[in-house]
$ cat data00.cif   # mmCIF, C-alpha atoms
data_upload
#
loop_
_atom_site.label_atom_id
_atom_site.label_comp_id
_atom_site.auth_asym_id
_atom_site.auth_seq_id
_atom_site.Cartn_x
_atom_site.Cartn_y
_atom_site.Cartn_z
CA MET A 1 21.99 -18.00 11.26
CA VAL A 2 20.92 -14.33 11.44
CA GLN A 3 21.76 -13.80 7.77
CA LEU A 4 19.73 -16.88 6.81
CA LEU A 5 16.72 -15.61 8.81
CA VAL A 6 16.90 -12.25 7.04
CA LEU A 7 17.07 -14.00 3.66
CA ILE A 8 14.00 -16.10 4.52
CA LEU A 9 12.08 -12.99 5.61
CA ILE A 10 13.02 -11.20 2.37
CA LEU A 11 11.92 -14.16 0.26
CA ILE A 12 8.53 -14.64 1.95
CA ARG A 13 7.81 -10.89 1.87
CA PRO A 14 6.13 -10.89 -1.61
CA PHE A 15 3.59 -13.46 -0.37
CA ILE A 16 2.37 -11.18 2.45
CA SER A 17 0.17 -8.41 1.08
CA SER A 18 0.33 -5.35 3.32
CA LEU A 19 -3.17 -4.40 2.14
CA ALA A 20 -4.83 -7.82 2.48
CA TYR A 21 -3.04 -9.08 5.62
CA PRO A 22 -2.14 -6.04 7.78
CA TRP A 23 -1.52 -8.01 10.99
CA ILE A 24 0.77 -10.57 9.35
CA ASN A 25 2.49 -7.66 7.61
CA SER A 26 3.14 -5.99 10.99
CA VAL A 27 4.51 -9.18 12.56
CA HIS A 28 6.80 -9.80 9.59
CA SER A 29 8.05 -6.21 9.45
CA PHE A 30 8.86 -5.83 13.14
CA THR A 31 10.50 -9.28 13.21
CA LEU A 32 12.72 -8.24 10.30
CA ILE A 33 13.64 -4.94 11.98
CA ALA A 34 14.51 -6.70 15.26
CA ILE A 35 16.73 -9.27 13.53
CA LEU A 36 18.47 -6.58 11.46
CA LEU A 37 19.20 -4.55 14.60
CA PHE A 38 20.68 -7.66 16.21
CA TRP A 39 22.77 -8.26 13.07
CA LEU A 40 24.17 -4.73 13.12
CA ARG A 41 25.63 -5.05 16.62
CA ASN A 42 29.43 -4.98 16.46
CA ASN A 43 29.41 -5.27 12.68
CA LYS A 44 32.48 -3.44 11.36
CA THR A 45 31.40 -3.58 7.70
CA SER A 46 28.13 -1.90 8.64
CA TYR A 47 30.03 0.90 10.34
CA GLU A 48 32.09 1.38 7.18
CA THR A 49 28.87 1.63 5.16
CA LEU A 50 27.40 4.08 7.67
CA LYS A 51 30.55 6.18 7.45
CA LYS A 52 30.30 6.31 3.66
CA LEU A 53 26.57 7.09 3.64
CA CYS A 54 26.45 8.95 6.96
CA LEU A 55 25.12 12.32 5.77
CA PRO A 56 22.39 11.10 3.39
CA ILE A 57 21.17 8.49 5.91
CA ILE A 58 21.08 11.05 8.73
CA CYS A 59 19.31 13.55 6.46
CA PHE A 60 16.74 10.95 5.32
CA THR A 61 16.11 9.82 8.91
CA PHE A 62 15.80 13.45 10.05
CA ALA A 63 13.31 14.15 7.23
CA LEU A 64 11.16 11.20 8.36
CA ALA A 65 11.28 12.47 11.97
CA VAL A 66 10.29 15.99 10.90
CA SER A 67 7.45 14.59 8.80
CA LEU A 68 6.22 12.62 11.81
CA PHE A 69 6.47 15.63 14.15
CA PHE A 70 4.44 17.90 11.86
CA SER A 71 2.09 15.19 10.60
CA ILE A 72 -1.64 15.90 10.54
CA ASN A 73 -2.12 12.37 11.94
CA LYS A 74 0.93 11.29 13.97
CA ILE A 75 -0.38 7.82 14.78
CA LYS A 76 -0.89 6.97 11.11
CA SER A 77 2.54 8.40 10.22
CA ALA A 78 4.26 6.44 13.00
CA ALA A 79 2.67 3.26 11.62
CA GLU A 80 4.32 3.93 8.24
CA LEU A 81 7.87 4.36 9.54
CA TYR A 82 8.65 0.63 9.48
CA LYS A 83 8.77 0.64 5.66
CA TYR A 84 11.68 3.07 5.64
CA LEU A 85 13.42 1.86 8.79
CA SER A 86 13.68 -1.69 7.41
CA GLY A 87 15.07 -0.24 4.16
CA ILE A 88 17.76 1.79 5.95
CA LEU A 89 18.74 -1.23 8.06
CA LEU A 90 19.07 -3.41 4.94
CA ILE A 91 21.37 -0.79 3.38
CA LEU A 92 23.54 -0.97 6.50
CA ALA A 93 23.44 -4.74 7.02
CA LEU A 94 23.73 -6.37 3.59
CA PRO A 95 27.20 -4.97 2.70
CA SER A 96 28.66 -7.25 5.39
CA LEU A 97 27.64 -10.41 3.49
CA THR A 98 30.40 -12.73 2.37
CA GLU A 99 30.66 -13.32 -1.38
CA LYS A 100 29.14 -16.78 -1.02
CA THR A 101 26.18 -15.55 1.07
CA ARG A 102 25.74 -12.57 -1.24
CA LYS A 103 25.31 -14.93 -4.22
CA ARG A 104 22.84 -16.95 -2.16
CA TYR A 105 20.76 -13.82 -1.60
CA ILE A 106 20.77 -12.95 -5.30
CA THR A 107 19.84 -16.49 -6.33
CA GLY A 108 17.10 -16.55 -3.70
CA ILE A 109 15.56 -13.30 -4.94
CA PHE A 110 15.63 -14.50 -8.55
CA THR A 111 14.24 -17.94 -7.66
CA CYS A 112 11.41 -16.34 -5.70
CA GLY A 113 10.56 -14.30 -8.80
CA ILE A 114 10.39 -17.49 -10.89
CA ILE A 115 8.12 -19.17 -8.32
CA ILE A 116 5.77 -16.18 -8.28
CA SER A 117 5.64 -16.15 -12.08
CA ILE A 118 4.67 -19.84 -12.07
CA LEU A 119 1.91 -19.10 -9.54
CA ALA A 120 0.66 -16.31 -11.80
CA LEU A 121 0.56 -18.71 -14.75
CA TYR A 122 -1.38 -21.16 -12.60
CA GLN A 123 -3.88 -18.42 -11.84
CA TYR A 124 -4.35 -17.67 -15.53
CA PHE A 125 -4.89 -21.25 -16.70
CA ILE A 126 -6.64 -22.73 -13.63
CA GLY A 127 -7.16 -20.20 -10.86
CA PHE A 128 -9.50 -17.87 -12.74
CA SER A 129 -11.92 -20.72 -13.50
CA HIS A 130 -12.08 -21.60 -9.78
CA LEU A 131 -12.63 -17.93 -8.96
CA ARG A 132 -15.39 -17.69 -11.56
CA ASN A 133 -17.14 -20.74 -10.08
CA PHE A 134 -16.88 -19.24 -6.60
CA ILE A 135 -18.41 -15.94 -7.77
CA ASN A 136 -21.27 -17.77 -9.46
CA THR A 137 -21.89 -19.91 -6.36
CA GLN A 138 -21.95 -16.86 -4.08
CA ASN A 139 -24.13 -14.86 -6.52
CA ILE A 140 -21.68 -11.97 -6.50
CA THR A 141 -22.92 -9.29 -8.91
CA SER A 142 -20.55 -6.40 -8.16
CA PRO A 143 -19.65 -4.71 -11.51
CA PHE A 144 -16.12 -4.04 -10.21
CA VAL A 145 -15.52 -7.69 -9.36
CA LEU A 146 -17.01 -8.93 -12.65
CA ASP A 147 -14.96 -6.43 -14.69
CA TYR A 148 -11.82 -7.41 -12.78
CA LEU A 149 -12.49 -11.06 -13.55
CA GLN A 150 -13.33 -10.37 -17.18
CA GLN A 151 -9.95 -8.74 -17.77
CA GLN A 152 -8.24 -11.98 -16.69
CA ARG A 153 -5.05 -10.07 -15.94
CA VAL A 154 -2.96 -12.11 -13.50
CA PHE A 155 -2.13 -10.60 -10.11
CA PHE A 156 -1.47 -13.46 -7.65
CA PRO A 157 0.00 -13.25 -4.99
CA PHE A 158 -0.45 -9.45 -5.06
CA VAL A 159 -3.70 -7.48 -5.07
CA THR A 160 -3.49 -5.88 -8.53
CA PRO A 161 -1.92 -6.79 -11.90
CA GLY A 162 0.12 -3.58 -11.82
CA ILE A 163 1.82 -4.49 -8.54
CA LEU A 164 2.68 -7.99 -9.80
CA ALA A 165 3.99 -6.44 -13.02
CA GLY A 166 6.15 -3.97 -11.08
CA TYR A 167 7.65 -6.81 -9.05
CA LEU A 168 8.30 -9.06 -12.06
CA ALA A 169 9.75 -6.18 -14.11
CA MET A 170 12.22 -5.39 -11.31
CA ILE A 171 13.30 -9.05 -11.10
CA THR A 172 13.56 -9.55 -14.88
CA PRO A 173 17.04 -7.96 -15.40
CA LEU A 174 18.51 -10.61 -13.05
CA ILE A 175 18.05 -13.05 -15.95
CA LEU A 176 21.27 -11.58 -17.37
CA LEU A 177 23.20 -13.12 -14.46
CA TYR A 178 22.06 -16.59 -15.54
CA LYS A 179 22.63 -16.61 -19.29
CA ARG A 180 23.28 -20.36 -19.35
CA ARG A 181 19.85 -20.85 -17.81
CA ALA A 182 18.02 -18.41 -20.06
CA TRP A 183 15.08 -20.81 -20.26
CA LEU A 184 14.23 -19.76 -16.69
CA SER A 185 13.09 -16.44 -18.12
CA ILE A 186 10.19 -18.06 -20.00
CA PRO A 187 7.69 -18.29 -17.09
CA LEU A 188 8.79 -14.87 -15.82
CA LEU A 189 8.26 -13.09 -19.14
CA CYS A 190 5.01 -14.99 -19.84
CA ALA A 191 3.58 -13.99 -16.46
CA LEU A 192 4.68 -10.40 -17.03
CA LEU A 193 2.89 -10.40 -20.40
CA LEU A 194 -0.29 -11.79 -18.81
CA THR A 195 -0.42 -8.90 -16.34
CA GLU A 196 -1.05 -6.75 -19.46
CA SER A 197 0.77 -3.91 -17.72
CA LEU A 198 1.80 -1.34 -20.30
CA GLY A 199 3.73 0.60 -17.66
CA ALA A 200 5.87 -2.42 -16.75
CA PHE A 201 7.05 -2.98 -20.32
CA ILE A 202 7.74 0.73 -20.83
CA SER A 203 9.74 0.66 -17.58
CA LEU A 204 11.72 -2.37 -18.76
CA PHE A 205 12.43 -0.74 -22.10
CA LEU A 206 13.70 2.47 -20.45
CA ALA A 207 15.79 0.47 -17.99
CA ALA A 208 17.25 -1.53 -20.90
CA LEU A 209 18.30 1.79 -22.46
CA VAL A 210 20.04 2.65 -19.17
CA TYR A 211 21.80 -0.73 -19.29
CA VAL A 212 23.04 -0.18 -22.85
CA LEU A 213 24.17 3.39 -22.13
CA LEU A 214 26.08 2.40 -18.99
CA LYS A 215 27.61 -0.62 -20.72
CA ASN A 216 28.88 1.80 -23.37
CA ASP A 217 29.40 -1.10 -25.76
CA PHE A 218 26.49 -1.40 -28.17
CA LYS A 219 26.23 -4.81 -29.80
CA LYS A 220 23.76 -6.37 -32.19
CA THR A 221 22.33 -8.65 -29.47
CA ARG A 222 21.55 -5.65 -27.27
CA GLY A 223 19.85 -3.93 -30.20
CA ILE A 224 17.69 -7.03 -30.67
CA LEU A 225 16.87 -7.00 -26.94
CA LEU A 226 15.74 -3.38 -27.11
CA LEU A 227 13.70 -4.05 -30.25
CA GLY A 228 12.04 -7.06 -28.63
CA LEU A 229 11.04 -5.05 -25.56
CA ALA A 230 9.79 -2.22 -27.79
CA LEU A 231 7.56 -4.68 -29.69
CA PHE A 232 5.96 -5.87 -26.46
CA ILE A 233 4.58 -2.37 -25.81
CA PRO A 234 2.12 -2.25 -28.77
CA LEU A 235 1.28 -5.92 -28.15
CA VAL A 236 0.22 -5.22 -24.56
CA PHE A 237 -1.65 -2.10 -25.71
CA PHE A 238 -3.64 -4.23 -28.18
CA MET A 239 -4.37 -6.83 -25.47
CA ARG A 240 -5.83 -4.09 -23.29
CA ILE A 241 -8.05 -2.41 -25.89
CA VAL A 242 -9.76 -5.60 -27.10
CA SER A 243 -11.89 -5.63 -23.93
CA GLY A 244 -14.13 -3.06 -25.66
CA LYS A 245 -14.88 -1.25 -22.40
CA GLU A 246 -13.66 2.32 -22.13
CA HIS A 247 -12.85 2.22 -18.39
CA LEU A 248 -10.60 -0.82 -18.93
CA SER A 249 -8.56 0.72 -21.74
CA PRO A 250 -5.00 2.02 -21.23
CA LEU A 251 -6.01 5.49 -22.46
CA PHE A 252 -8.62 5.76 -19.69
CA SER A 253 -5.90 4.70 -17.22
CA VAL A 254 -3.57 7.42 -18.52
CA PHE A 255 -6.23 10.13 -18.17
CA MET A 256 -7.02 9.01 -14.62
CA ARG A 257 -3.34 9.14 -13.69
CA ILE A 258 -3.05 12.67 -15.07
CA ASN A 259 -5.94 13.67 -12.80
CA TYR A 260 -4.26 11.99 -9.82
CA TRP A 261 -0.99 13.82 -10.53
CA ARG A 262 -2.76 17.18 -10.85
CA ASP A 263 -4.52 16.66 -7.51
CA THR A 264 -1.27 15.53 -5.88
CA ILE A 265 0.54 18.65 -7.10
CA GLY A 266 -2.27 20.62 -5.48
CA ILE A 267 -1.51 18.93 -2.13
CA ILE A 268 2.21 19.63 -2.59
CA LYS A 269 1.49 23.32 -3.19
CA MET A 270 -0.42 23.43 0.10
CA HIS A 271 2.30 21.58 2.07
CA PRO A 272 5.52 21.97 0.02
CA LEU A 273 8.17 21.83 2.76
CA LEU A 274 6.83 19.47 5.45
CA GLY A 275 4.16 17.47 3.62
CA VAL A 276 0.99 16.07 5.19
CA GLY A 277 2.83 13.28 7.00
CA LEU A 278 3.60 9.68 6.06
CA GLY A 279 0.47 7.66 5.34
CA ASN A 280 -1.83 10.70 5.33
CA PHE A 281 -2.01 11.01 1.56
CA ASN A 282 -5.47 10.41 0.15
CA LEU A 283 -7.30 11.54 -2.99
CA THR A 284 -11.02 11.61 -3.62
CA CYS A 285 -10.91 8.69 -6.06
CA SER A 286 -7.67 6.97 -5.10
CA ARG A 287 -5.54 6.04 -2.11
CA TYR A 288 -2.39 6.52 -4.19
CA ALA A 289 -1.11 9.18 -6.59
CA HIS A 290 0.15 6.55 -9.08
CA ASN A 291 3.46 8.41 -8.99
CA SER A 292 5.43 7.40 -5.91
CA PHE A 293 7.81 10.36 -6.08
CA LEU A 294 5.03 12.93 -6.16
CA GLN A 295 3.21 11.09 -3.37
CA PHE A 296 6.32 10.84 -1.19
CA TRP A 297 6.89 14.58 -1.69
CA ALA A 298 3.27 15.23 -0.66
CA GLU A 299 3.74 13.04 2.43
CA ALA A 300 7.31 13.82 3.55
CA GLY A 301 7.78 17.28 2.07
CA LEU A 302 10.67 18.71 0.08
CA LEU A 303 13.25 17.61 2.67
CA GLY A 304 11.94 14.03 2.47
CA ILE A 305 12.03 13.64 -1.31
CA ALA A 306 15.38 15.48 -1.60
CA SER A 307 17.04 13.31 1.05
CA LEU A 308 15.66 10.12 -0.56
CA PHE A 309 17.17 11.14 -3.91
CA TRP A 310 20.46 12.03 -2.16
CA LEU A 311 20.62 8.59 -0.50
CA ILE A 312 19.99 6.82 -3.81
CA TYR A 313 22.55 9.02 -5.58
CA ALA A 314 25.17 8.38 -2.87
CA ILE A 315 24.79 4.62 -3.37
CA LEU A 316 24.71 4.70 -7.17
CA ALA A 317 27.44 7.27 -7.87
CA ASN A 318 30.45 5.10 -6.99
CA ASN A 319 28.88 2.03 -8.59
CA ILE A 320 28.39 3.81 -11.92
CA LYS A 321 32.06 4.86 -11.83
CA LYS A 322 32.94 1.24 -11.08
CA ILE A 323 31.07 0.09 -14.21
CA LYS A 324 32.99 2.53 -16.39
CA ASN A 325 36.34 1.51 -14.90
CA ILE A 326 35.73 -2.24 -14.87
CA ALA A 327 34.18 -3.45 -18.10
CA ASP A 328 33.09 -6.84 -16.77
CA ASN A 329 31.35 -5.63 -13.59
CA LYS A 330 28.14 -7.28 -14.73
CA GLU A 331 26.49 -7.72 -11.34
CA THR A 332 26.63 -4.03 -10.44
CA LEU A 333 25.27 -3.02 -13.85
CA ILE A 334 22.38 -5.47 -13.60
CA PHE A 335 21.49 -4.31 -10.08
CA ILE A 336 21.36 -0.72 -11.31
CA THR A 337 19.08 -1.86 -14.15
CA CYS A 338 16.75 -3.51 -11.61
CA LEU A 339 16.65 -0.31 -9.57
CA ALA A 340 16.01 1.75 -12.71
CA THR A 341 13.11 -0.51 -13.71
CA PHE A 342 11.52 -0.05 -10.28
CA ALA A 343 12.06 3.73 -10.40
CA PHE A 344 10.57 4.10 -13.88
CA HIS A 345 7.57 1.97 -12.94
CA ASN A 346 6.93 4.16 -9.90
CA LEU A 347 6.55 7.17 -12.15
CA TRP A 348 3.06 5.80 -12.90
CA ASP A 349 2.45 3.30 -10.10
CA PHE A 350 2.76 3.00 -6.32
CA SER A 351 4.71 -0.17 -5.45
CA PHE A 352 7.23 1.98 -3.52
CA PHE A 353 4.64 2.14 -0.74
CA LEU A 354 4.00 -1.61 -0.67
CA PRO A 355 6.73 -3.46 1.28
CA GLU A 356 5.91 -6.73 -0.49
CA VAL A 357 7.61 -5.18 -3.53
CA SER A 358 9.73 -2.31 -2.23
CA LEU A 359 11.65 -4.46 0.28
CA ILE A 360 13.41 -6.17 -2.65
CA TRP A 361 14.33 -2.72 -3.99
CA TRP A 362 15.82 -1.73 -0.62
CA ALA A 363 17.68 -5.07 -0.50
CA ILE A 364 19.25 -4.42 -3.91
CA LEU A 365 20.32 -0.96 -2.71
CA GLY A 366 21.90 -2.70 0.28
CA LEU A 367 23.77 -5.15 -1.96
CA LEU A 368 25.09 -2.16 -3.93
CA SER A 369 26.28 -0.40 -0.77
CA LYS A 370 29.20 -2.81 -0.28
CA PRO A 371 32.35 -0.80 0.64
CA LYS A 372 35.38 -0.95 -1.63
CA SER A 373 37.69 -3.89 -0.94
#

$ encode --input "data00.cif" --output "structure tokens"
Amino acid sequence: MVQLLVLILILIRPFISSLAYPWINSVHSFTLIAILLFWLRNNKTSYETLKKLCLPIICFTFALAVSLFFSINKIKSAAELYKYLSGILLILALPSLTEKTRKRYITGIFTCGIIISILALYQYFIGFSHLRNFINTQNITSPFVLDYLQQQRVFFPFVTPGILAGYLAMITPLILLYKRRAWLSIPLLCALLLTESLGAFISLFLAALVYVLLKNDFKKTRGILLLGLALFIPLVFFMRIVSGKEHLSPLFSVFMRINYWRDTIGIIKMHPLLGVGLGNFNLTCSRYAHNSFLQFWAEAGLLGIASLFWLIYAILANNIKKIKNIADNKETLIFITCLATFAFHNLWDFSFFLPEVSLIWWAILGLLSKPKS
């Protein structure tokens, strides 16, 4: 029953925007944390996982505590801790799943991705016309709103096309687990294309390279897959530049991100070791650095970013060895590809800080943390 409740909470998470619905987000997050803590009581498998990941988890938790203690705004930092606490608890809890329940979780995550892609397609073909009628009825003349509508880049149920694209890109590699149902990938890939996110397709292409390199068995079909993803990149670029407006072009987006990164590095130089505290990051023109790793360093300091990388490495290291030793360990390889897609996308986006997307990433890390049989 507890495992089913956690699965339900994971699956409804993408539909609760932390930016648009902060109170619902808080209720969902604290409910999930409470249920996970209940799950972990007397759970032997969780203790085995904790034993294997003891040092990196302790170091990461300590880094978060230090960041909170030295934060320039402790209340705001304390309010951000739930994002990381729920992630740590998922890493400890999910390895105890039985094989049957584990498959149910994977299928649920993939099915949720398909549902969201269908909703995005609905927005493109029907939803935007309703939104346009509403704007005309309300006499809304905001240039930002009108430009956003003109782009017609899908984003539902998230708040921006980039966040939807980051979510869909992370889910996309799971298609490889359902080869006999490859047709299910059609709505997912179509919705991803309609986000017109150049970063998402670059992330997928780089993650596909990781998949091929780890598989260490290059075949013609994989070469075609890489070529197909590579062709999507100029296609999306062309879709973005036809708007004719400079501030909507991908080149303008790149230049803005470079400015964000430069300003973020400036903050890091001022607070290199301890950071400014979780949730205290803010730029003049943006709430996010559009590079989650730089922003997390600016918030949690050097100890925070180093311990996060250590935790990820500790989980991935044994799994990569497992791939090399067991040629048909498809599930592990695909999970690593999902994680790589998310990581690449966060080099130029910020979905790591949005639990409606990042919770799935933490869940996949938890599924990879399963102790050796």

$ closest_residue --input "data00.cif" --among "A:Trp297, A:Phe15, A:Trp23, A:Phe125" --to "Met270 in chain A" --atoms "only C-alpha atoms"
A:Trp297

$ closest_atom_pairs --input "data00.cif" --of "range 28-115 of chain A" --to "range 335-340 of chain A" --cutoff "12 Å" --atoms "only C-alpha atoms" --output "JSON lines"
{"residue": "A:Ile106", "atom": "CA", "partner": "A:Phe335", "partner_atom": "CA", "distance": 9.9}
{"residue": "A:Ile109", "atom": "CA", "partner": "A:Cys338", "partner_atom": "CA", "distance": 11.9}
{"residue": "A:Phe110", "atom": "CA", "partner": "A:Cys338", "partner_atom": "CA", "distance": 11.5}

$ resolve_selection --input "data00.cif" --expression "the PyMOL selection byres ((chain A and resi 364) around 12)" --output "PyMOL selection string"
chain A and resi 10+87-88+90-95+102+105-106+109-110+170-171+174+312+315-316+331-340+342+357-363+365-370

$ closest_residue --input "data00.cif" --among "A:Glu80, A:Lys321, A:Leu19, A:Phe62" --to "Gly279 in chain A" --atoms "all atoms listed in the file"
A:Glu80

$ closest_residue --input "data00.cif" --among "A:Ser71, A:Thr195, A:Gln151, A:Ser86" --to "Ser29 in chain A" --atoms "all atoms listed in the file"
A:Ser86

$ build_atoms --input "data00.cif" --residues "range 127-148 of chain A" --atoms "N, CA and C atoms" --output "compact mmCIF listing (two decimals), in the coordinates of the input"
# COMPACT_ATOMS: atom_id res chain seq x y z
N GLY A 127 -6.62 -20.97 -11.98
CA GLY A 127 -7.16 -20.20 -10.86
C GLY A 127 -8.37 -19.36 -11.20
N PHE A 128 -8.38 -18.73 -12.38
CA PHE A 128 -9.50 -17.87 -12.74
C PHE A 128 -10.80 -18.67 -12.88
N SER A 129 -10.70 -19.91 -13.36
CA SER A 129 -11.92 -20.72 -13.50
C SER A 129 -12.48 -21.06 -12.13
N HIS A 130 -11.61 -21.35 -11.15
CA HIS A 130 -12.08 -21.60 -9.78
C HIS A 130 -12.72 -20.34 -9.20
N LEU A 131 -12.10 -19.19 -9.46
CA LEU A 131 -12.63 -17.93 -8.96
C LEU A 131 -13.99 -17.63 -9.58
N ARG A 132 -14.11 -17.92 -10.87
CA ARG A 132 -15.39 -17.69 -11.56
C ARG A 132 -16.49 -18.58 -10.97
N ASN A 133 -16.15 -19.83 -10.69
CA ASN A 133 -17.14 -20.74 -10.08
C ASN A 133 -17.55 -20.26 -8.69
N PHE A 134 -16.57 -19.75 -7.94
CA PHE A 134 -16.88 -19.24 -6.60
C PHE A 134 -17.82 -18.03 -6.67
N ILE A 135 -17.58 -17.13 -7.61
CA ILE A 135 -18.41 -15.94 -7.77
C ILE A 135 -19.84 -16.33 -8.17
N ASN A 136 -19.94 -17.31 -9.05
CA ASN A 136 -21.27 -17.77 -9.46
C ASN A 136 -22.00 -18.44 -8.29
N THR A 137 -21.28 -19.22 -7.50
CA THR A 137 -21.89 -19.91 -6.36
C THR A 137 -22.40 -18.92 -5.31
N GLN A 138 -21.60 -17.85 -5.10
CA GLN A 138 -21.95 -16.86 -4.08
C GLN A 138 -22.89 -15.77 -4.61
N ASN A 139 -23.25 -15.86 -5.89
CA ASN A 139 -24.13 -14.86 -6.52
C ASN A 139 -23.59 -13.43 -6.38
N ILE A 140 -22.31 -13.29 -6.58
CA ILE A 140 -21.68 -11.97 -6.50
C ILE A 140 -21.95 -11.24 -7.82
N THR A 141 -22.53 -10.04 -7.71
CA THR A 141 -22.92 -9.29 -8.91
C THR A 141 -22.23 -7.92 -8.99
N SER A 142 -21.24 -7.69 -8.16
CA SER A 142 -20.55 -6.40 -8.16
C SER A 142 -19.92 -6.14 -9.53
N PRO A 143 -20.23 -5.02 -10.19
CA PRO A 143 -19.65 -4.71 -11.51
C PRO A 143 -18.12 -4.66 -11.46
N PHE A 144 -17.58 -4.13 -10.34
CA PHE A 144 -16.12 -4.04 -10.21
C PHE A 144 -15.48 -5.43 -10.22
N VAL A 145 -16.07 -6.33 -9.44
CA VAL A 145 -15.52 -7.69 -9.36
C VAL A 145 -15.64 -8.40 -10.71
N LEU A 146 -16.79 -8.26 -11.36
CA LEU A 146 -17.01 -8.93 -12.65
C LEU A 146 -16.08 -8.37 -13.73
N ASP A 147 -15.88 -7.04 -13.73
CA ASP A 147 -14.96 -6.43 -14.69
C ASP A 147 -13.53 -6.90 -14.44
N TYR A 148 -13.17 -6.97 -13.17
CA TYR A 148 -11.82 -7.41 -12.78
C TYR A 148 -11.57 -8.84 -13.26
